[in-house]
Each structure stands twice: as C-alpha cells, then as structure tokens.
>>> print(open('protein-v6.cif').read())   # mmCIF, C-alpha atoms and all ligand atoms
data_upload
loop_
_atom_site.label_atom_id
_atom_site.label_comp_id
_atom_site.auth_asym_id
_atom_site.auth_seq_id
_atom_site.Cartn_x
_atom_site.Cartn_y
_atom_site.Cartn_z
CA MET V 1 94.31 92.82 126.10
CA ARG V 2 95.17 89.80 123.94
CA VAL V 3 93.49 90.36 120.56
CA LEU V 4 93.77 87.56 118.04
CA SER V 5 92.44 86.54 114.65
CA GLY V 6 93.29 84.55 111.56
CA ILE V 7 92.53 84.56 107.88
CA GLN V 8 92.37 81.68 105.41
CA PRO V 9 94.72 81.67 102.42
CA SER V 10 92.00 80.19 100.24
CA GLY V 11 92.21 82.84 97.50
CA SER V 12 92.99 86.52 96.95
CA LEU V 13 91.99 88.78 99.81
CA HIS V 14 89.12 91.19 99.19
CA ILE V 15 87.70 94.43 100.56
CA GLY V 16 85.24 92.49 102.78
CA ASN V 17 88.19 90.80 104.51
CA TYR V 18 89.95 94.15 104.73
CA PHE V 19 87.22 96.25 106.34
CA ALA V 20 85.74 93.54 108.59
CA MET V 21 88.98 92.10 109.85
CA MET V 22 92.39 93.16 108.49
CA LYS V 23 92.03 96.92 108.90
CA ARG V 24 90.79 96.52 112.46
CA MET V 25 93.62 94.12 113.33
CA ILE V 26 96.13 96.64 112.02
CA GLU V 27 94.57 99.32 114.23
CA TYR V 28 94.53 97.04 117.28
CA GLN V 29 98.28 96.38 117.08
CA ASN V 30 99.02 99.84 118.49
CA ASN V 31 97.30 99.43 121.84
CA ASN V 32 96.94 95.71 122.33
CA ASP V 33 98.83 92.51 122.46
CA LEU V 34 97.99 91.24 118.97
CA PHE V 35 98.34 87.75 117.47
CA CYS V 36 97.63 87.58 113.76
CA PHE V 37 97.98 84.45 111.66
CA ILE V 38 97.36 82.88 108.28
CA VAL V 39 95.34 79.69 108.78
CA ASN V 40 96.67 77.33 106.14
CA TYR V 41 95.43 74.15 107.87
CA HIS V 42 91.91 75.57 107.63
CA ALA V 43 92.35 76.30 103.93
CA LEU V 44 92.98 72.57 103.33
CA THR V 45 89.20 72.18 103.66
CA THR V 46 88.78 73.94 100.31
CA VAL V 47 92.15 74.14 98.52
CA THR V 48 93.46 70.80 97.23
CA ASP V 49 96.14 72.17 94.91
CA GLY V 50 99.33 72.19 96.99
CA LYS V 51 101.09 74.73 94.84
CA ALA V 52 98.11 77.07 95.07
CA LEU V 53 97.91 76.73 98.86
CA ALA V 54 101.60 77.49 99.34
CA GLY V 55 101.34 80.46 96.97
CA ASN V 56 98.19 81.83 98.59
CA THR V 57 99.74 81.52 102.04
CA PHE V 58 102.75 83.55 101.02
CA ASN V 59 100.57 86.10 99.23
CA ALA V 60 98.27 86.51 102.22
CA ALA V 61 101.33 87.24 104.38
CA VAL V 62 102.57 89.80 101.85
CA ASP V 63 99.10 91.38 101.72
CA PHE V 64 98.92 91.74 105.48
CA LEU V 65 102.42 93.23 105.69
CA SER V 66 101.68 95.62 102.84
CA LEU V 67 98.48 96.78 104.49
CA GLY V 68 100.37 97.64 107.65
CA ILE V 69 100.72 94.75 110.05
CA ASN V 70 103.96 95.49 111.90
CA PRO V 71 105.87 92.39 113.06
CA ASP V 72 107.62 94.46 115.74
CA LYS V 73 104.26 95.22 117.33
CA ALA V 74 102.23 92.10 116.51
CA VAL V 75 103.00 88.39 116.62
CA PHE V 76 102.50 87.55 112.95
CA PHE V 77 102.88 83.97 111.70
CA VAL V 78 101.53 81.01 109.74
CA GLN V 79 99.29 78.58 111.66
CA SER V 80 101.14 75.40 110.64
CA ASP V 81 104.47 76.76 111.92
CA VAL V 82 103.16 76.04 115.43
CA PRO V 83 101.94 72.44 115.01
CA GLU V 84 100.86 72.24 118.67
CA VAL V 85 97.58 73.65 117.38
CA THR V 86 96.74 70.24 115.92
CA GLU V 87 97.54 68.55 119.24
CA LEU V 88 95.20 70.91 121.06
CA THR V 89 92.55 70.33 118.38
CA TRP V 90 92.53 66.61 119.18
CA ILE V 91 92.33 67.21 122.91
CA LEU V 92 89.46 69.72 122.49
CA ALA V 93 87.65 67.36 120.10
CA ASN V 94 86.93 65.22 123.13
CA GLN V 95 85.02 68.06 124.76
CA THR V 96 83.11 68.99 121.62
CA PRO V 97 79.56 67.67 121.31
CA VAL V 98 78.76 66.48 117.76
CA GLY V 99 75.47 68.40 117.97
CA LEU V 100 77.35 71.67 118.50
CA LEU V 101 79.22 71.17 115.20
CA GLN V 102 76.07 70.02 113.38
CA ARG V 103 74.43 73.33 114.27
CA ALA V 104 77.24 75.44 112.76
CA HIS V 105 75.75 77.72 110.05
CA SER V 106 78.81 77.65 107.88
CA TYR V 107 78.78 73.81 107.87
CA LYS V 108 75.04 73.70 107.20
CA ASP V 109 75.36 76.23 104.35
CA LYS V 110 78.06 74.17 102.68
CA ILE V 111 75.98 70.99 102.92
CA ALA V 112 72.96 72.88 101.54
CA LYS V 113 75.12 73.82 98.55
CA GLY V 114 75.63 70.13 97.86
CA ILE V 115 79.19 69.77 99.15
CA SER V 116 79.72 66.27 100.46
CA PRO V 117 81.31 66.95 103.84
CA ASN V 118 84.50 65.35 105.07
CA HIS V 119 85.71 65.21 108.64
CA GLY V 120 87.97 68.25 108.18
CA LEU V 121 85.05 70.46 107.18
CA PHE V 122 82.96 69.15 110.07
CA SER V 123 85.63 69.73 112.69
CA TYR V 124 86.76 73.10 111.23
CA PRO V 125 85.40 74.97 114.30
CA VAL V 126 87.43 72.78 116.68
CA LEU V 127 90.66 73.73 114.88
CA MET V 128 89.56 77.35 115.07
CA ALA V 129 88.86 76.95 118.82
CA ALA V 130 92.39 75.58 119.20
CA ASP V 131 93.80 78.63 117.36
CA ILE V 132 92.08 80.93 119.80
CA LEU V 133 92.63 78.97 123.02
CA LEU V 134 96.26 78.02 122.35
CA TYR V 135 97.22 81.69 122.51
CA SER V 136 94.71 82.72 125.21
CA GLY V 137 92.85 85.10 122.89
CA GLU V 138 90.45 87.37 124.77
CA LYS V 139 88.99 89.38 121.92
CA VAL V 140 88.57 88.01 118.38
CA PRO V 141 87.90 90.58 115.60
CA VAL V 142 85.96 88.89 112.78
CA GLY V 143 83.10 89.52 110.35
CA LYS V 144 79.59 88.49 111.39
CA ASP V 145 79.79 85.15 109.58
CA GLN V 146 82.45 84.00 112.08
CA LYS V 147 80.58 84.97 115.25
CA GLN V 148 79.13 81.53 115.79
CA HIS V 149 82.54 79.91 115.39
CA VAL V 150 83.94 82.08 118.18
CA GLU V 151 80.95 81.16 120.33
CA ILE V 152 81.70 77.49 119.70
CA ALA V 153 85.27 78.14 120.90
CA ARG V 154 83.80 79.69 124.06
CA ASP V 155 81.55 76.69 124.66
CA ILE V 156 84.42 74.25 124.21
CA ALA V 157 86.68 76.26 126.55
CA ILE V 158 84.00 76.43 129.25
CA LYS V 159 83.42 72.68 129.02
CA PHE V 160 87.15 71.97 129.18
CA ASN V 161 87.61 74.23 132.20
CA ASN V 162 84.67 72.58 133.99
CA ILE V 163 86.39 69.25 133.69
CA TYR V 164 90.06 70.16 134.10
CA GLY V 165 90.11 73.44 136.04
CA ASP V 166 90.56 77.06 135.10
CA ILE V 167 93.12 76.68 132.32
CA LEU V 168 91.75 78.19 129.11
CA VAL V 169 90.88 81.86 128.64
CA ILE V 170 87.27 82.38 127.50
CA PRO V 171 87.22 84.44 124.26
CA GLU V 172 84.71 87.02 122.98
CA PRO V 173 83.87 87.80 119.33
CA ASP V 174 84.47 91.41 118.31
CA ILE V 175 82.33 92.56 115.38
CA ASP V 176 82.12 96.03 113.86
CA LYS V 177 78.41 96.62 113.25
CA ASN V 178 79.12 98.97 110.32
CA VAL V 179 80.90 96.33 108.28
CA ALA V 180 79.41 93.14 109.76
CA THR V 181 78.65 91.78 106.28
CA VAL V 182 80.08 93.40 103.17
CA PRO V 183 78.02 92.54 100.07
CA GLY V 184 79.70 91.15 96.98
CA ILE V 185 79.25 92.61 93.49
CA ASP V 186 76.25 90.27 93.00
CA GLY V 187 74.60 91.31 96.29
CA GLN V 188 75.33 88.06 98.20
CA LYS V 189 77.96 88.13 100.99
CA MET V 190 81.32 88.95 99.43
CA SER V 191 83.37 85.76 99.61
CA LYS V 192 86.41 84.20 97.99
CA SER V 193 84.27 81.14 97.36
CA TYR V 194 81.47 82.97 95.49
CA ASN V 195 83.56 84.68 92.81
CA ASN V 196 81.91 88.02 93.63
CA THR V 197 84.77 89.89 95.24
CA ILE V 198 86.62 93.14 94.71
CA LYS V 199 90.19 92.04 95.31
CA ILE V 200 92.46 94.45 97.14
CA PHE V 201 95.54 93.87 95.00
CA ALA V 202 94.17 92.71 91.65
CA PRO V 203 95.41 94.50 88.49
CA GLU V 204 93.64 97.81 87.88
CA LYS V 205 91.65 96.42 84.94
CA GLU V 206 90.25 93.56 86.99
CA ILE V 207 89.17 95.89 89.79
CA LYS V 208 87.48 98.18 87.27
CA LYS V 209 85.63 95.25 85.74
CA ALA V 210 84.43 94.08 89.18
CA VAL V 211 83.27 97.58 90.20
CA MET V 212 81.48 98.18 86.90
CA SER V 213 79.59 94.90 87.37
CA ILE V 214 78.17 95.71 90.82
CA VAL V 215 74.44 94.90 90.62
CA THR V 216 72.04 97.84 90.49
CA ASP V 217 68.28 98.00 90.11
CA SER V 218 66.47 99.30 87.05
CA THR V 219 65.21 102.60 88.53
CA PRO V 220 65.20 105.12 85.66
CA VAL V 221 67.78 107.96 85.80
CA ASP V 222 65.13 110.63 86.37
CA GLN V 223 63.78 108.98 89.53
CA GLN V 224 65.00 108.81 93.14
CA LYS V 225 67.18 105.81 94.07
CA ASN V 226 66.97 103.93 97.35
CA PRO V 227 70.41 104.00 99.05
CA ASP V 228 69.36 101.52 101.75
CA LYS V 229 68.71 98.80 99.22
CA SER V 230 71.71 99.57 97.04
CA VAL V 231 74.75 97.27 96.99
CA LEU V 232 76.68 100.07 95.27
CA PHE V 233 75.86 102.47 98.12
CA LYS V 234 76.90 99.89 100.74
CA ILE V 235 80.23 99.16 99.09
CA TYR V 236 80.98 102.84 98.40
CA SER V 237 80.16 103.69 102.03
CA LEU V 238 83.13 101.65 103.23
CA PHE V 239 85.42 104.28 101.74
CA LEU V 240 83.52 107.34 103.04
CA ASN V 241 83.36 109.26 106.30
CA ASN V 242 79.98 110.20 107.80
CA ASP V 243 79.67 113.52 105.96
CA GLU V 244 80.60 112.00 102.63
CA ARG V 245 78.16 109.15 103.19
CA GLY V 246 75.40 111.70 103.88
CA GLU V 247 76.24 113.51 100.63
CA LEU V 248 76.13 110.29 98.63
CA ARG V 249 72.78 109.45 100.24
CA ASN V 250 71.41 112.82 99.07
CA ARG V 251 72.68 112.19 95.57
CA PHE V 252 70.83 108.86 95.52
CA LEU V 253 67.68 110.61 96.67
CA THR V 254 67.94 113.31 94.00
CA PRO V 255 66.62 112.33 90.53
CA GLY V 256 69.28 112.36 87.80
CA LEU V 257 71.93 110.15 89.38
CA ARG V 258 73.54 107.67 86.99
CA TYR V 259 74.80 104.45 88.57
CA GLY V 260 77.57 104.27 85.93
CA ASP V 261 79.01 107.61 87.13
CA VAL V 262 78.97 106.49 90.76
CA LYS V 263 80.72 103.26 89.81
CA LYS V 264 83.48 105.19 88.03
CA GLU V 265 83.98 107.39 91.09
CA LEU V 266 84.05 104.37 93.36
CA PHE V 267 86.67 102.74 91.16
CA GLY V 268 88.87 105.85 91.44
CA ARG V 269 88.38 105.92 95.17
CA ILE V 270 89.40 102.28 95.58
CA MET V 271 92.54 102.76 93.50
CA ASP V 272 93.53 105.86 95.50
CA TYR V 273 92.81 104.20 98.83
CA PHE V 274 95.02 101.19 98.18
CA ALA V 275 97.74 102.97 96.14
CA PRO V 276 100.30 103.31 98.97
CA PHE V 277 99.75 99.67 99.97
CA ARG V 278 100.32 98.55 96.37
CA GLU V 279 103.71 100.19 96.41
CA ARG V 280 104.68 98.39 99.58
CA ARG V 281 103.45 95.14 98.08
CA GLU V 282 105.89 95.53 95.21
CA TYR V 283 108.69 95.83 97.75
CA TYR V 284 107.75 92.63 99.60
CA MET V 285 107.25 90.69 96.38
CA ASN V 286 110.87 91.55 95.56
CA HIS V 287 112.12 90.68 99.07
CA ARG V 288 110.68 87.23 99.57
CA GLU V 289 113.34 86.07 102.04
CA GLU V 290 112.52 88.98 104.32
CA VAL V 291 108.88 87.87 104.40
CA ILE V 292 109.80 84.26 105.24
CA ASP V 293 112.20 85.42 108.00
CA THR V 294 109.48 87.64 109.46
CA LEU V 295 107.01 84.75 109.55
CA GLU V 296 109.55 82.41 111.12
CA SER V 297 110.43 84.80 113.88
CA GLY V 298 106.69 85.38 114.47
CA ALA V 299 106.20 81.62 114.81
CA LYS V 300 108.97 81.45 117.42
CA LYS V 301 107.20 84.06 119.56
CA ALA V 302 103.85 82.29 119.07
CA LYS V 303 105.34 78.94 120.07
CA LYS V 304 106.55 80.38 123.38
CA GLU V 305 102.96 81.29 124.24
CA ALA V 306 101.65 77.95 122.97
CA ASP V 307 104.13 76.06 125.16
CA ILE V 308 102.79 77.73 128.29
CA VAL V 309 99.19 76.68 127.59
CA MET V 310 100.13 73.21 126.31
CA GLU V 311 102.16 72.45 129.42
CA LYS V 312 99.09 73.14 131.57
CA VAL V 313 96.78 71.23 129.20
CA ARG V 314 99.08 68.19 129.01
CA ASN V 315 99.47 68.13 132.78
CA ALA V 316 95.76 68.51 133.51
CA THR V 317 94.60 65.92 130.98
CA GLY V 318 97.23 63.36 132.00
CA ILE V 319 98.86 63.32 128.58
CA ASN V 320 102.04 64.23 130.39
CA TYR V 321 102.35 60.82 132.08
CA ARG V 322 105.72 61.78 133.52
CA LYS V 323 103.94 64.04 135.96
CA VAL V 324 101.88 61.52 137.92
CA ARG V 325 99.70 63.52 140.31
P1 LIG V 401 85.94 84.37 102.61
O1 LIG V 401 84.50 84.12 102.92
O2 LIG V 401 86.11 85.39 101.56
O3 LIG V 401 86.71 83.10 102.32
P2 LIG V 401 87.22 84.26 105.15
O4 LIG V 401 86.28 83.20 105.60
O5 LIG V 401 88.65 83.87 104.92
O6 LIG V 401 86.61 84.98 103.88
O7 LIG V 401 87.17 85.45 106.19
C1 LIG V 401 88.24 86.20 106.71
C2 LIG V 401 87.70 87.29 107.60
O8 LIG V 401 86.97 88.23 106.82
C3 LIG V 401 86.72 86.78 108.65
O9 LIG V 401 86.86 87.55 109.81
C4 LIG V 401 85.38 87.00 108.03
O10 LIG V 401 84.37 87.16 109.00
C5 LIG V 401 85.63 88.30 107.26
N1 LIG V 401 84.77 88.38 106.09
C6 LIG V 401 84.84 87.63 104.98
N2 LIG V 401 83.92 88.02 104.08
C7 LIG V 401 83.24 89.04 104.64
C8 LIG V 401 82.17 89.88 104.24
N3 LIG V 401 81.61 89.74 103.06
N4 LIG V 401 81.72 90.81 105.09
C9 LIG V 401 82.30 90.95 106.31
N5 LIG V 401 83.30 90.21 106.74
C10 LIG V 401 83.79 89.27 105.95
N1 LIG V 402 87.42 80.64 110.29
C1 LIG V 402 87.97 81.95 110.08
C2 LIG V 402 87.48 82.48 108.73
O1 LIG V 402 87.13 81.74 107.86
C3 LIG V 402 89.46 81.94 110.09
C4 LIG V 402 90.04 81.56 111.40
C5 LIG V 402 90.70 80.40 111.71
C6 LIG V 402 90.05 82.33 112.59
N2 LIG V 402 91.12 80.41 112.99
C7 LIG V 402 90.75 81.58 113.56
C8 LIG V 402 89.53 83.58 112.91
C9 LIG V 402 90.92 82.06 114.87
C10 LIG V 402 89.72 84.05 114.21
C11 LIG V 402 90.41 83.30 115.18
O2 LIG V 402 87.49 83.64 108.56
#
>>> encode(input="protein-v6.cif", output="structure tokens", more="lines below")
Ligand code: ADP
Ligand code: TRP
Amino acid sequence: MRVLSGIQPSGSLHIGNYFAMMKRMIEYQNNNDLFCFIVNYHALTTVTDGKALAGNTFNAAVDFLSLGINPDKAVFFVQSDVPEVTELTWILANQTPVGLLQRAHSYKDKIAKGISPNHGLFSYPVLMAADILLYSGEKVPVGKDQKQHVEIARDIAIKFNNIYGDILVIPEPDIDKNVATVPGIDGQKMSKSYNNTIKIFAPEKEIKKAVMSIVTDSTPVDQQKNPDKSVLFKIYSLFLNNDERGELRNRFLTPGLRYGDVKKELFGRIMDYFAPFRERREYYMNHREEVIDTLESGAKKAKKEADIVMEKVRNATGINYRKVR
C-alpha cells in the first residue's frame, strides 16, 4: 500500500510530531511503499526568515534520518525538489470550493487568533491535497489535527475524478487513537507554534526545563491524583507499555505521590529513549553532503511517480495541447 505523509520545517520537531507521525512512518517503511517528505512550501505560511527556513528544512531531514527513516526503503525528499506539486496545486484549485477552505478548522483557528490571513494560508489545504494526490497516496498517517485536511484532499480528488475521469487515487487519513493529540507542557495541544513543546533533540538542559514545567494541579501530596486529567500522566504514557502505564496509574491513585519525582523520572526516560538517535544525529550533522545527496536521490524517485500522474492530469485537463483529443 502507498503510505505517505509530510512534516513542516517550521521549527524544531517535538515528541508530539514523533509519536503521532514520525515513529509510525518509520514503522510503515518496512511493509509498505512509503513516501515521506519535508514540506517547505507549506512552512512559507509561517516562516518568513529565509535562513531559518533553509536551516529548519535541513534539520528536519537530519531528524528524520536519525530517528530511523531509511532512504533505501522509503522515498524521502523535500517537497520543493519536485516543483510539479505547485502545478498540480493550481489545477486542483479550480476544483476546490471556497466554502470548503473556509470551513477548515486550522484556518479558522488561525483567524480566531488574530492572524490576518493571506492567500497562502487560505489555500494551504490545496497544496497539501496536491502533495497527497501527486504521489497517489492511499493511507496518510497524521495526528488528529490534520484529519480534516486529508478529508479535503479526498473531496477535491473525488470532484476532479467526476469531471475528468478516474485519475486520482482517493486517500484515507490514518490516525493512531492513542496519540491522536499529544498535550503540550501547558496542557494545550503540543505545537511548534505555541512554544509548549518538548523537543526531541534539544540540549539536555532545555528538555529538563520543559519537563519540569509541565502543568500539574494543586492536589496535596497526601491525596489521590487523577491520572485521566493529568498532562504529566498523558505525556509519560507515551513512553510506557501497557503494564507500566497501569503501574503509573496506581501510583497516581495512591496518596503520597510527588509530581516533582514523576517529572524527574520522565526526564530520565526521555533522555534514555532518544539517546541512540542523538548519536546518529551527531553523525549526520558531520556528514552534511551525505544528507543532501540522500534528499536529491529521493527527489528523483519521487519525480518519476509525479510524472506519471501529471501526464494523465495534463492530458485530461487539456493543458497538454499537443495531444488534441
Ligand atoms: P506543529 O503543530 O507542531 O507545527 P505540524 O503541523 O508540523 O506540527 O505536524 C506534523 C505532524 O505531527 C502532523 O501529522 C500532526 O498531525 C502531528 N502533530 C503535531 N502536533 C501534534 C500533537 N500535539 N499531537 C498529535 N499529533 C501532532
Ligand atoms: N499539513 C501537514 C501538517 O501541518 C503537513 C503536510 C503537508 C502533510 N502536506 C502533507 C501531511 C501531505 C500529510 C500529507 O502537519
């Protein structure tokens, strides 16, 4: 099955990105035909510092490689290295009702926060639809916040096919219920844009500071704590198996637990979990050319796939005027 997803290089990647998307992608590469990309055109909607965008794009690639994406198994590349995606975006824009984009939660949330929207932000889901449809993605692993965007891609593909014939593959979102929304250290959704993340590869001190500032309630030490309402419990659970999670639940329910102790344990757990990946990251940071070569050869493979779909799309829409039907 063709599994495909992308991640924005809009800041340092965090454990919400890892558990909801990156870890699952890395698992999928073993038994599926995986396309994995860094969506730098999308990041233009929020990052206006060119140097920062270029740096974040490279770092996101290094992060993914360090965490285990294997370019021999997966097609791994940067979105803008296959510029056909912008051509398809324009073509799909003509099958995208304005109302569909106006109903997008992510767009509405940004407006509610007072951002004055530009056309890029408004048409963000059309570019994302192009990412998915250009490579005939069937299954799209994402966090819950991206479900609606994948559904928009479906709607656009169905509309296009109704007009031009059965050309585009209809995608499905793939969400892991256990990690649908990872909370940030302040209890809101963890997000690069809210400054509430635990970064995967930040210096040890910074990770410790973030973990120690996870919000907790003011239940006194000698009373039971409620694990189901605890951000600390939710974040810690990501690193635990079922038995361990059950044990932690019992500790919350037993008077005497100190949140500070649990935070220290969690910090240790996070450092241990990512330790081998940190080592690999050092390697890639010292072999930058190897990373660029890997991305370029990934883009070549991706372009081959894109050419197949674009040929059909250009023929069906009449953009290819040389083929008069
Ligand atoms: P961010 O909101 O931090 O900028 P992105 O929008 O780049 O993250 O998301 C990259 C991937 O990680 C997407 O699949 C998204 O659904 C997932 N994701 C991001 N934040 C979370 C979260 N807090 N919980 C679950 N999934 C998340
Ligand atoms: N919008 C997604 C996010 O913010 C990133 C993305 C862009 C994407 N294109 C995609 C995800 C295609 C899956 C498939 O997380």
>>> atom_distance(input="protein-v6.cif", atom1="CA of Lys205 (chain V)", atom2="CA of Ala43 (chain V)")
27.7 Å
>>> atom_distance(input="protein-v6.cif", atom1="CA of Ala60 (chain V)", atom2="CA of Ala112 (chain V)")
28.8 Å
>>> residues_near_ligand(input="protein-v6.cif", ligand="ligand LIG 402 (chain V)", cutoff="6 Å", atoms="all atoms listed in the file", output="count of residues only")
9
>>> atom_distance(input="protein-v6.cif", atom1="CA of Thr46 (chain V)", atom2="CA of Pro125 (chain V)")
14.4 Å
>>> residues_near_ligand(input="protein-v6.cif", ligand="ligand LIG 401 (chain V)", cutoff="9 Å", atoms="all atoms listed in the file", output="number ranges by chain")
V: 5-22, 39, 43, 140-147, 175, 179-184, 188-194, 197
>>> residues_around(input="protein-v6.cif", residues="Met271 (chain V)", least_positions_apart="5", cutoff="12 Å", atoms="all atoms listed in the file", output="list in words")
Ile15, Ile198, Lys199, Ile200, Phe201, Ala202, Pro203, Glu204, Lys205, Glu206, Ile207, Lys208, Val211, Phe239, Lys264, Glu265, Leu266, Pro276, Phe277, Arg278 and Glu279 of chain V
>>> closest_residue(input="protein-v6.cif", among="V:Ser218, V:Phe122, V:Leu168, V:Ala104", to="Val150 (chain V)", atoms="all atoms listed in the file")
V:Ala104
>>> residues_near_point(input="protein-v6.cif", point="(104.7, 88.4, 114.7)", cutoff="8 Å", atoms="all atoms listed in the file", output="list in words")
Phe35, Cys36, Asn70, Pro71, Asp72, Lys73, Ala74, Val75, Phe76, Phe77, Thr294, Leu295, Ser297, Gly298, Ala299, Lys301 and Ala302 of chain V
>>> write_last_selection(input="protein-v6.cif", atoms="C-alpha atoms", output="PDB file, keeping the file's coordinate frame")
ATOM      1  CA  PHE V  35      98.340  87.750 117.470  1.00  0.00           C
ATOM      2  CA  CYS V  36      97.630  87.580 113.760  1.00  0.00           C
ATOM      3  CA  ASN V  70     103.960  95.490 111.900  1.00  0.00           C
ATOM      4  CA  PRO V  71     105.870  92.390 113.060  1.00  0.00           C
ATOM      5  CA  ASP V  72     107.620  94.460 115.740  1.00  0.00           C
ATOM      6  CA  LYS V  73     104.260  95.220 117.330  1.00  0.00           C
ATOM      7  CA  ALA V  74     102.230  92.100 116.510  1.00  0.00           C
ATOM      8  CA  VAL V  75     103.000  88.390 116.620  1.00  0.00           C
ATOM      9  CA  PHE V  76     102.500  87.550 112.950  1.00  0.00           C
ATOM     10  CA  PHE V  77     102.880  83.970 111.700  1.00  0.00           C
ATOM     11  CA  THR V 294     109.480  87.640 109.460  1.00  0.00           C
ATOM     12  CA  LEU V 295     107.010  84.750 109.550  1.00  0.00           C
ATOM     13  CA  SER V 297     110.430  84.800 113.880  1.00  0.00           C
ATOM     14  CA  GLY V 298     106.690  85.380 114.470  1.00  0.00           C
ATOM     15  CA  ALA V 299     106.200  81.620 114.810  1.00  0.00           C
ATOM     16  CA  LYS V 301     107.200  84.060 119.560  1.00  0.00           C
ATOM     17  CA  ALA V 302     103.850  82.290 119.070  1.00  0.00           C
TER      18      ALA V 302
END
>>> closest_residue(input="protein-v6.cif", among="V:Lys177, V:Lys225, V:Arg154, V:Lys139", to="Gly256 (chain V)", atoms="all atoms listed in the file")
V:Lys225
>>> residues_near_point(input="protein-v6.cif", point="(98.3, 72.7, 126.2)", cutoff="12 Å", atoms="only C-alpha atoms", output="JSON, numbers by chain")
{"V": [83, 84, 85, 86, 87, 88, 89, 90, 91, 92, 130, 131, 133, 134, 135, 136, 160, 164, 167, 168, 303, 304, 305, 306, 307, 308, 309, 310, 311, 312, 313, 314, 315, 316, 317, 318, 319, 320]}
>>> write_last_selection(input="protein-v6.cif", atoms="C-alpha atoms", output="mmCIF file, keeping the file's coordinate frame")
data_model
loop_
_atom_site.group_PDB
_atom_site.id
_atom_site.type_symbol
_atom_site.label_atom_id
_atom_site.label_comp_id
_atom_site.auth_asym_id
_atom_site.auth_seq_id
_atom_site.Cartn_x
_atom_site.Cartn_y
_atom_site.Cartn_z
ATOM 1 C CA PRO V 83 101.940 72.440 115.010
ATOM 2 C CA GLU V 84 100.860 72.240 118.670
ATOM 3 C CA VAL V 85 97.580 73.650 117.380
ATOM 4 C CA THR V 86 96.740 70.240 115.920
ATOM 5 C CA GLU V 87 97.540 68.550 119.240
ATOM 6 C CA LEU V 88 95.200 70.910 121.060
ATOM 7 C CA THR V 89 92.550 70.330 118.380
ATOM 8 C CA TRP V 90 92.530 66.610 119.180
ATOM 9 C CA ILE V 91 92.330 67.210 122.910
ATOM 10 C CA LEU V 92 89.460 69.720 122.490
ATOM 11 C CA ALA V 130 92.390 75.580 119.200
ATOM 12 C CA ASP V 131 93.800 78.630 117.360
ATOM 13 C CA LEU V 133 92.630 78.970 123.020
ATOM 14 C CA LEU V 134 96.260 78.020 122.350
ATOM 15 C CA TYR V 135 97.220 81.690 122.510
ATOM 16 C CA SER V 136 94.710 82.720 125.210
ATOM 17 C CA PHE V 160 87.150 71.970 129.180
ATOM 18 C CA TYR V 164 90.060 70.160 134.100
ATOM 19 C CA ILE V 167 93.120 76.680 132.320
ATOM 20 C CA LEU V 168 91.750 78.190 129.110
ATOM 21 C CA LYS V 303 105.340 78.940 120.070
ATOM 22 C CA LYS V 304 106.550 80.380 123.380
ATOM 23 C CA GLU V 305 102.960 81.290 124.240
ATOM 24 C CA ALA V 306 101.650 77.950 122.970
ATOM 25 C CA ASP V 307 104.130 76.060 125.160
ATOM 26 C CA ILE V 308 102.790 77.730 128.290
ATOM 27 C CA VAL V 309 99.190 76.680 127.590
ATOM 28 C CA MET V 310 100.130 73.210 126.310
ATOM 29 C CA GLU V 311 102.160 72.450 129.420
ATOM 30 C CA LYS V 312 99.090 73.140 131.570
ATOM 31 C CA VAL V 313 96.780 71.230 129.200
ATOM 32 C CA ARG V 314 99.080 68.190 129.010
ATOM 33 C CA ASN V 315 99.470 68.130 132.780
ATOM 34 C CA ALA V 316 95.760 68.510 133.510
ATOM 35 C CA THR V 317 94.600 65.920 130.980
ATOM 36 C CA GLY V 318 97.230 63.360 132.000
ATOM 37 C CA ILE V 319 98.860 63.320 128.580
ATOM 38 C CA ASN V 320 102.040 64.230 130.390
#
>>> axis_aligned_box(input="protein-v6.cif", around="region 51-57 of chain V", padding_each_side="3 Å", output="AutoDock Vina command-line options")
--center_x 99.8 --center_y 78.3 --center_z 98.4 --size_x 9.7 --size_y 13.1 --size_z 13.2
